[in-house]
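Take a look at the structure below.
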Amino acid sequence: MTGRSLLPEPPPTLLPAQPAITQQVADGVEPVEIATRHPAASVAWAALAESAMDGDRTIEAYAYARTGYHRGLDALRRNGWKGFGPVPWSHEPNRGFLRCVAVLARATAAIGELDEAHRCTELLRECDPEAAHLLG
């Protein structure tokens with residue numbers, strides 16, 4: 001039997017704003033500098049991963065995305081996420097994590113790690129179908 005769960009969905013997890021990091025991104029500070037100053041900032045790892053993926057540096061993209069993914073999981077868990085439930089794209093502080101998951105899905109597919117690519121794609125879809133659509 002398949003279908004929608006009858007259990008209530010947990011509330012969305014909203015990561016806290018990081019105004020200093022947001023300002024650095026807006027000011028055009030290089031992502032490597034942001035990651036160096038703020039290693040827990042998934043948004044910096046996402047930018048590094050996307051740049052590497054766009055430059056056909058798949059293993060580098062994988063490493064950056066994996067780092068941002070794990071830092072994002074840590075932040076989500078500190079903010080009440082239990083490994084499931086919405087992580088909305090509409091909430092800007094969540095976007096770094098979601099972008100890392102998307103690049104990780106692409107990078108793992110590119111290196112033939114198809115089970116992990118599928119897990120990442122499903123995680124992104126479960127976190128926010130809009131993010132999956134926009135980043136897929």
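We label chains A, B, ... in the order they appear in the structure tokens, count residues from 1 in each chain, and number ligands from 1 in the order shown.
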_Secondary structure check, helix (DSSP H, G or I) residues of stretch 55-131 of chain A, as an MDAnalysis selection string_ = chainID A and resid 58:78 92:110 114:127 129:131
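Using only C-alpha atoms, the contacts of A:Tyr64 at a cut-off of 8 Å, with sequence neighbours closer than 6 positions omitted, comprise Trp45, Ala46, Leu48 and Ala49 of chain A.
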Interface rows for stretch 7-45 of chain A against stretch 69-92 of chain A: nearest pair, Å to one decimal, 9 Å, only C-alpha atoms, as a tab-separated table:
residue	atom	partner	partner_atom	distance
A:Glu9	CA	A:Gly85	CA	6.4
A:Pro10	CA	A:Gly85	CA	5.5
A:Pro11	CA	A:Pro86	CA	6.9
A:Pro12	CA	A:Pro86	CA	4.6
A:Thr13	CA	A:Val87	CA	5.2
A:Leu14	CA	A:His91	CA	6.7
A:Leu15	CA	A:Leu76	CA	6.5
A:Pro16	CA	A:Asn79	CA	8.3
A:Ala17	CA	A:Glu92	CA	8.0
A:Pro39	CA	A:Arg71	CA	8.1
A:Ala40	CA	A:Arg71	CA	5.4
A:Ala41	CA	A:Arg71	CA	7.2
A:Ser42	CA	A:Gly72	CA	5.7
A:Trp45	CA	A:Tyr69	CA	8.4
Same residues, C-alpha atoms, saved as a compact mmCIF listing (two decimals), in the first residue's frame:
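Here's the written file out_10.txt:
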# COMPACT_ATOMS: atom_id res chain seq x y z
CA GLU A 9 4.22 16.12 9.28
CA PRO A 10 6.72 17.80 11.60
CA PRO A 11 6.92 21.58 11.41
CA PRO A 12 9.37 23.06 8.91
CA THR A 13 12.94 23.41 10.10
CA LEU A 14 14.18 26.95 9.66
CA LEU A 15 17.87 27.54 10.11
CA PRO A 16 18.78 30.79 11.86
CA ALA A 17 19.78 33.77 9.76
CA PRO A 39 33.51 26.65 8.04
CA ALA A 40 29.99 25.74 9.20
CA ALA A 41 28.39 27.93 6.49
CA SER A 42 26.83 25.55 3.97
CA TRP A 45 30.47 25.11 0.46
*Residues near A:Glu60, cut-off 10 Å, only C-alpha atoms, skip fewer than 4 positions along chain, as a PyMOL selection string*: chain A and resi 48-53+55-56+64-66+107
*A:Pro8, A:Gly68, A:Gly28, A:Gly136: which is nearest A:Thr121, counting only C-alpha atoms?*
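Closest candidate: A:Gly136.
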*Find the residue from A:Arg57, A:Arg37, A:Arg106, A:Arg95 that sits nearest to A:Cys120; use only C-alpha atoms when measuring.*
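Under the stated criterion, the closest residue is A:Arg106.
Across the model, the gap from atom CA of A:Val25 to atom CA of A:Ala132 is 22.8 Å.
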*Nearest to A:Asp54, chosen from A:Val103, A:Leu135, A:Ala109, A:Ala35, with only C-alpha atoms counted in the distances*: A:Val103
*Report the distance between atom CA of A:Gln23 and atom CA of A:Thr67 in Å, rounded to one decimal place.*
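Going from atom CA of A:Gln23 over to atom CA of A:Thr67, I get 21.8 Å.
Among the candidates A:Leu114, A:Ala63, A:Leu124, A:Ala26, the residue lying nearest to A:Ala102 is A:Leu124 (atoms considered: only C-alpha atoms).
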*Would you mind reading off the distance between atom CA of A:Tyr62 and atom CA of A:Thr108, one decimal, in Å?*
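We find that atom CA of A:Tyr62 and atom CA of A:Thr108 lie 7.0 Å from each other.
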